[in-house]
$ cat data.cif   # mmCIF, C-alpha atoms and all ligand atoms; chains and numbers go by the auth columns
data_start
#
loop_
_atom_site.group_PDB
_atom_site.id
_atom_site.type_symbol
_atom_site.label_atom_id
_atom_site.label_comp_id
_atom_site.label_asym_id
_atom_site.label_seq_id
_atom_site.Cartn_x
_atom_site.Cartn_y
_atom_site.Cartn_z
_atom_site.B_iso_or_equiv
_atom_site.auth_seq_id
_atom_site.auth_asym_id
ATOM 1 C CA MET A 1 0.000 0.000 0.000 0.00 21 B
ATOM 2 C CA SER A 2 2.711 2.479 0.930 0.00 22 B
ATOM 3 C CA ASP A 3 4.709 1.391 -2.141 0.00 23 B
ATOM 4 C CA TYR A 4 1.765 2.144 -4.364 0.00 24 B
ATOM 5 C CA LYS A 5 1.356 5.584 -2.883 0.00 25 B
ATOM 6 C CA ALA A 6 5.059 6.345 -3.236 0.00 26 B
ATOM 7 C CA LYS A 7 4.867 5.752 -6.980 0.00 27 B
ATOM 8 C CA PHE A 8 1.916 8.008 -7.644 0.00 28 B
ATOM 9 C CA THR A 9 1.224 11.671 -7.117 0.00 29 B
ATOM 10 C CA VAL A 10 -2.187 13.264 -7.289 0.00 30 B
ATOM 11 C CA ILE A 11 -2.518 16.357 -9.465 0.00 31 B
ATOM 12 C CA PRO A 12 -5.463 18.266 -10.897 0.00 32 B
ATOM 13 C CA CYS A 13 -6.273 17.241 -14.481 0.00 33 B
ATOM 14 C CA ALA A 14 -4.979 19.889 -16.902 0.00 34 B
ATOM 15 C CA VAL A 15 -8.281 19.825 -18.784 0.00 35 B
ATOM 16 C CA CYS A 16 -11.087 19.352 -16.251 0.00 36 B
ATOM 17 C CA GLY A 17 -9.379 19.998 -12.903 0.00 37 B
ATOM 18 C CA GLN A 18 -10.470 16.726 -11.282 0.00 38 B
ATOM 19 C CA LEU A 19 -7.786 14.910 -9.306 0.00 39 B
ATOM 20 C CA VAL A 20 -5.741 12.329 -11.222 0.00 40 B
ATOM 21 C CA ASP A 21 -3.084 9.842 -10.141 0.00 41 B
ATOM 22 C CA VAL A 22 0.088 10.357 -12.139 0.00 42 B
ATOM 23 C CA ASP A 23 3.245 8.268 -12.177 0.00 43 B
ATOM 24 C CA ASN A 24 6.871 9.358 -11.812 0.00 44 B
ATOM 25 C CA PHE A 25 6.790 10.685 -15.359 0.00 45 B
ATOM 26 C CA GLY A 26 3.763 12.849 -14.643 0.00 46 B
ATOM 27 C CA GLN A 27 1.553 10.614 -16.771 0.00 47 B
ATOM 28 C CA GLY A 28 -1.881 9.322 -15.947 0.00 48 B
ATOM 29 C CA LYS A 29 -5.293 9.197 -17.589 0.00 49 B
ATOM 30 C CA CYS A 30 -8.109 11.268 -16.139 0.00 50 B
ATOM 31 C CA LYS A 31 -11.085 9.026 -15.482 0.00 51 B
ATOM 32 C CA TYR A 32 -13.472 11.971 -15.680 0.00 52 B
ATOM 33 C CA CYS A 33 -12.661 13.546 -19.046 0.00 53 B
ATOM 34 C CA GLY A 34 -10.219 11.018 -20.556 0.00 54 B
ATOM 35 C CA TRP A 35 -7.293 13.403 -20.880 0.00 55 B
ATOM 36 C CA HIS A 36 -3.839 11.852 -20.506 0.00 56 B
ATOM 37 C CA GLN A 37 -1.680 14.117 -18.364 0.00 57 B
ATOM 38 C CA ASP A 38 1.359 14.688 -20.548 0.00 58 B
ATOM 39 C CA GLU A 39 3.983 17.433 -20.644 0.00 59 B
ATOM 40 C CA MET A 40 4.398 17.398 -24.420 0.00 60 B
ATOM 41 C CA SER A 41 0.687 17.997 -24.918 0.00 61 B
ATOM 42 C CA LEU A 42 0.948 21.080 -22.701 0.00 62 B
ATOM 43 C CA GLU A 43 4.009 22.355 -24.531 0.00 63 B
ATOM 44 C CA TYR A 44 2.537 22.055 -28.043 0.00 64 B
ATOM 45 C CA THR A 45 -0.996 23.078 -27.201 0.00 65 B
ATOM 46 C CA ASP A 46 -2.387 22.960 -30.744 0.00 66 B
ATOM 47 C CA LYS A 47 -0.813 19.648 -31.732 0.00 67 B
ATOM 48 C CA VAL A 48 -2.061 16.112 -31.261 0.00 68 B
ATOM 49 C CA GLU A 49 0.555 14.549 -28.986 0.00 69 B
ATOM 50 C CA TYR A 50 0.631 10.870 -28.055 0.00 70 B
ATOM 51 C CA PRO A 51 -1.049 9.476 -25.955 0.00 71 B
ATOM 52 C CA ASN A 52 -3.766 12.093 -26.460 0.00 72 B
ATOM 53 C CA MET A 53 -5.942 12.039 -29.579 0.00 73 B
ATOM 54 C CA VAL A 54 -6.770 15.748 -29.562 0.00 74 B
ATOM 55 C CA SER A 55 -4.632 18.818 -28.851 0.00 75 B
ATOM 56 C CA PHE A 56 -4.709 20.384 -25.389 0.00 76 B
ATOM 57 C CA ASN A 57 -6.531 23.493 -26.641 0.00 77 B
ATOM 58 C CA LYS A 58 -9.140 21.401 -28.423 0.00 78 B
ATOM 59 C CA ALA A 59 -9.569 19.203 -25.336 0.00 79 B
ATOM 60 C CA LYS A 60 -10.270 22.263 -23.201 0.00 80 B
ATOM 61 C CA ALA A 61 -12.757 23.627 -25.748 0.00 81 B
ATOM 62 C CA LEU A 62 -14.580 20.277 -25.990 0.00 82 B
ATOM 63 C CA TYR A 63 -14.661 19.893 -22.225 0.00 83 B
ATOM 64 C CA LYS A 64 -16.127 23.398 -21.812 0.00 84 B
ATOM 65 C CA LYS A 65 -18.949 22.437 -24.160 0.00 85 B
ATOM 66 C CA GLY A 66 -19.533 19.208 -22.245 0.00 86 B
ATOM 67 C CA LEU A 67 -18.392 17.107 -25.192 0.00 87 B
ATOM 68 C CA PRO A 68 -16.156 14.015 -25.106 0.00 88 B
ATOM 69 C CA LEU A 69 -12.525 14.426 -26.192 0.00 89 B
ATOM 70 C CA LYS A 70 -13.200 12.833 -29.553 0.00 90 B
ATOM 71 C CA PRO A 71 -10.697 13.240 -32.387 0.00 91 B
ATOM 72 C CA SER A 72 -11.673 14.521 -35.818 0.00 92 B
ATOM 73 C CA LEU A 73 -10.461 12.579 -38.852 0.00 93 B
ATOM 74 C CA ASP A 74 -7.610 15.116 -39.124 0.00 94 B
ATOM 75 C CA ASP A 75 -6.670 14.495 -35.474 0.00 95 B
ATOM 76 C CA PHE A 76 -6.726 10.753 -36.189 0.00 96 B
ATOM 77 C CA ILE A 77 -4.422 11.250 -39.186 0.00 97 B
ATOM 78 C CA ALA A 78 -2.070 13.354 -37.028 0.00 98 B
ATOM 79 C CA GLY A 79 -1.948 10.425 -34.602 0.00 99 B
ATOM 80 C CA LEU A 80 -1.317 8.019 -37.481 0.00 100 B
ATOM 81 C CA LYS A 81 1.624 10.115 -38.701 0.00 101 B
ATOM 82 C CA TYR A 82 3.203 9.832 -35.299 0.00 102 B
ATOM 83 C CA TYR A 83 2.283 6.337 -34.130 0.00 103 B
ATOM 84 C CA LYS A 84 1.840 4.492 -37.457 0.00 104 B
ATOM 85 C CA GLU A 85 -0.708 1.987 -36.062 0.00 105 B
ATOM 86 C CA MET A 86 -4.207 3.188 -35.275 0.00 106 B
ATOM 87 C CA GLU A 87 -7.610 1.654 -34.690 0.00 107 B
ATOM 88 C CA PHE A 88 -11.251 2.663 -34.563 0.00 108 B
ATOM 89 C CA GLU A 89 -14.665 1.074 -34.297 0.00 109 B
ATOM 90 C CA TYR A 90 -17.568 1.514 -36.648 0.00 110 B
ATOM 91 C CA ASP A 91 -20.890 -0.279 -36.525 0.00 111 B
ATOM 92 C CA GLY A 92 -19.614 -2.910 -34.115 0.00 112 B
ATOM 93 C CA MET A 93 -16.477 -3.733 -36.090 0.00 113 B
ATOM 94 C CA LEU A 94 -12.887 -2.954 -35.192 0.00 114 B
ATOM 95 C CA TYR A 95 -10.649 -1.537 -37.941 0.00 115 B
ATOM 96 C CA GLY A 96 -6.916 -1.010 -38.152 0.00 116 B
ATOM 97 C CA VAL A 97 -5.052 1.715 -40.016 0.00 117 B
ATOM 98 C CA LEU A 98 -1.362 1.152 -40.597 0.00 118 B
ATOM 99 C CA TRP A 99 1.225 3.426 -42.169 0.00 119 B
ATOM 100 C CA SER A 100 4.512 2.148 -43.487 0.00 120 B
ATOM 101 C CA GLU A 101 5.176 2.607 -47.214 0.00 121 B
ATOM 102 C CA GLN A 102 1.486 3.033 -47.844 0.00 122 B
ATOM 103 C CA ILE A 103 -1.489 3.650 -45.625 0.00 123 B
ATOM 104 C CA GLU A 104 -3.560 0.510 -45.139 0.00 124 B
ATOM 105 C CA LEU A 105 -7.097 0.198 -43.829 0.00 125 B
ATOM 106 C CA GLY A 106 -8.901 -3.001 -43.012 0.00 126 B
ATOM 107 C CA GLU A 107 -10.860 -5.005 -40.500 0.00 127 B
ATOM 108 C CA TYR A 108 -8.666 -5.750 -37.541 0.00 128 B
ATOM 109 C CA PHE A 109 -8.256 -9.493 -37.957 0.00 129 B
ATOM 110 C CA GLU A 110 -8.602 -9.599 -41.742 0.00 130 B
ATOM 111 C CA GLU A 111 -5.604 -11.440 -43.178 0.00 131 B
ATOM 112 C CA ASP A 112 -6.630 -11.399 -46.840 0.00 132 B
ATOM 113 C CA PRO A 113 -4.775 -8.430 -48.394 0.00 133 B
ATOM 114 C CA ALA A 114 -7.433 -8.216 -51.109 0.00 134 B
ATOM 115 C CA LYS A 115 -9.857 -7.004 -48.442 0.00 135 B
ATOM 116 C CA TRP A 116 -7.605 -4.173 -47.312 0.00 136 B
ATOM 117 C CA GLN A 117 -7.526 -0.707 -48.863 0.00 137 B
ATOM 118 C CA PHE A 118 -4.229 0.935 -49.720 0.00 138 B
ATOM 119 C CA PHE A 119 -3.499 4.642 -50.097 0.00 139 B
ATOM 120 C CA ASP A 120 -0.385 6.437 -51.304 0.00 140 B
ATOM 121 C CA ASP A 121 -0.649 9.428 -48.994 0.00 141 B
ATOM 122 C CA PHE A 122 -2.654 10.911 -46.135 0.00 142 B
ATOM 123 C CA GLU A 123 -4.779 13.124 -48.385 0.00 143 B
ATOM 124 C CA GLU A 124 -5.819 10.154 -50.491 0.00 144 B
ATOM 125 C CA PHE A 125 -6.627 8.237 -47.315 0.00 145 B
ATOM 126 C CA LYS A 126 -8.713 11.138 -46.034 0.00 146 B
ATOM 127 C CA GLN A 127 -10.645 11.557 -49.298 0.00 147 B
ATOM 128 C CA LYS A 128 -11.090 7.931 -50.395 0.00 148 B
ATOM 129 C CA ALA A 129 -10.991 5.607 -47.380 0.00 149 B
ATOM 130 C CA HIS A 130 -14.347 3.918 -46.993 0.00 150 B
ATOM 131 C CA ILE A 131 -16.225 1.314 -45.018 0.00 151 B
ATOM 132 C CA GLY A 132 -18.473 -0.757 -47.234 0.00 152 B
ATOM 133 C CA GLY A 133 -18.581 2.031 -49.802 0.00 153 B
ATOM 134 C CA LYS A 134 -19.342 4.814 -47.297 0.00 154 B
ATOM 135 C CA LEU A 135 -16.570 7.380 -47.183 0.00 155 B
ATOM 136 C CA LEU A 136 -14.823 7.400 -43.827 0.00 156 B
ATOM 137 C CA LYS A 137 -14.867 11.218 -43.782 0.00 157 B
ATOM 138 C CA ASP A 138 -18.675 11.140 -44.141 0.00 158 B
ATOM 139 C CA ILE A 139 -19.289 8.576 -41.398 0.00 159 B
ATOM 140 C CA TRP A 140 -16.560 9.751 -39.019 0.00 160 B
ATOM 141 C CA TYR A 141 -19.154 11.174 -36.589 0.00 161 B
ATOM 142 C CA ASN A 142 -20.338 7.596 -36.047 0.00 162 B
ATOM 143 C CA VAL A 143 -16.831 6.225 -35.498 0.00 163 B
ATOM 144 C CA THR A 144 -15.970 5.383 -31.892 0.00 164 B
ATOM 145 C CA ASN A 145 -12.838 4.558 -29.927 0.00 165 B
ATOM 146 C CA ALA A 146 -10.509 6.090 -32.516 0.00 166 B
ATOM 147 C CA ASP A 147 -7.171 5.677 -30.817 0.00 167 B
ATOM 148 C CA TYR A 148 -3.592 4.497 -30.966 0.00 168 B
ATOM 149 C CA MET A 149 -3.429 0.758 -31.523 0.00 169 B
ATOM 150 C CA ILE A 150 -2.811 -1.300 -28.447 0.00 170 B
ATOM 151 C CA CYS A 151 -1.589 -4.873 -28.321 0.00 171 B
ATOM 152 C CA ARG A 152 -4.494 -7.263 -28.451 0.00 172 B
HETATM 153 ZN ZN ZN B . -9.856 15.419 -16.708 0.00 201 D
#
$ encode --input "data.cif" --output "structure tokens"
Amino acid sequence: MSDYKAKFTVIPCAVCGQLVDVDNFGQGKCKYCGWHQDEMSLEYTDKVEYPNMVSFNKAKALYKKGLPLKPSLDDFIAGLKYYKEMEFEYDGMLYGVLWSEQIELGEYFEEDPAKWQFFDDFEEFKQKAHIGGKLLKDIWYNVTNADYMICR
């Protein structure tokens, strides 16, 4: 118990002000608004900085309006540029977006490359990526859990 306490400090969340446990590196996720306490995000306040999916300024604006800290498609692409492996859910399905030489989009566990979409650059991905023929940019408001990919 005392060991646990020694490792964590409690600070007010930079976005909503509720108390958050942070580790030795000052990192911890706020369970109230979802903001990850993170020094880089506070330094570059208009940039999407891992592990957050929206910039600090956008997070504050969303929080003020009572909205969740949900990334736009542009925020998601900013995350993709940094992290290279992203995921999101749409209509009950989990999708992966990978960036190496091309940008690839497909259902998470789909191993048949013919069922994946490939794009040469981020703009093409933004304009042409689709789910079952519906453009991702048009259905983005229905996308959930858009985030950095975690090991499953
Ligand atoms: Zn918070």
$ residues_around --input "data.cif" --residues "Tyr161 (chain B)" --least-positions-apart "2" --cutoff "10 Å" --atoms "all atoms listed in the file" --output "list in words"
Lys90, Pro91, Ser92, Leu93, Tyr110, Leu156, Lys157, Asp158, Ile159, Val163 and Thr164 of chain B
$ closest_atom_pairs --input "data.cif" --of "chain B" --to "ligand ZN 201 (chain D)" --cutoff "9 Å" --atoms "all atoms listed in the file" --output "Markdown table"
| residue | atom | partner | partner_atom | distance |
| --- | --- | --- | --- | --- |
| B:Pro32 | CA | D:ZN201 | ZN | 7.8 |
| B:Cys33 | CA | D:ZN201 | ZN | 4.6 |
| B:Ala34 | CA | D:ZN201 | ZN | 6.6 |
| B:Val35 | CA | D:ZN201 | ZN | 5.1 |
| B:Cys36 | CA | D:ZN201 | ZN | 4.1 |
| B:Gly37 | CA | D:ZN201 | ZN | 6.0 |
| B:Gln38 | CA | D:ZN201 | ZN | 5.6 |
| B:Leu39 | CA | D:ZN201 | ZN | 7.7 |
| B:Val40 | CA | D:ZN201 | ZN | 7.5 |
| B:Lys49 | CA | D:ZN201 | ZN | 7.8 |
| B:Cys50 | CA | D:ZN201 | ZN | 4.5 |
| B:Lys51 | CA | D:ZN201 | ZN | 6.6 |
| B:Tyr52 | CA | D:ZN201 | ZN | 5.1 |
| B:Cys53 | CA | D:ZN201 | ZN | 4.1 |
| B:Gly54 | CA | D:ZN201 | ZN | 5.9 |
| B:Trp55 | CA | D:ZN201 | ZN | 5.3 |
| B:His56 | CA | D:ZN201 | ZN | 8.0 |
| B:Gln57 | CA | D:ZN201 | ZN | 8.4 |
| B:Tyr83 | CA | D:ZN201 | ZN | 8.6 |
$ atom_distance --input "data.cif" --atom1 "CA of Gly153 (chain B)" --atom2 "CA of Asp111 (chain B)"
13.7 Å
$ atom_distance --input "data.cif" --atom1 "CA of Ile170 (chain B)" --atom2 "CA of Phe129 (chain B)"
13.7 Å
$ residues_around --input "data.cif" --residues "Val42 (chain B)" --least-positions-apart "4" --cutoff "9 Å" --atoms "all atoms listed in the file" --output "PyMOL selection string"
chain B and resi 27-31+46-49+57
$ residues_near_point --input "data.cif" --point "(-5.3, 7.9, -46.0)" --cutoff "9 Å" --atoms "all atoms listed in the file" --output "PyMOL selection string"
chain B and resi 97+117+119+122-125+138-149
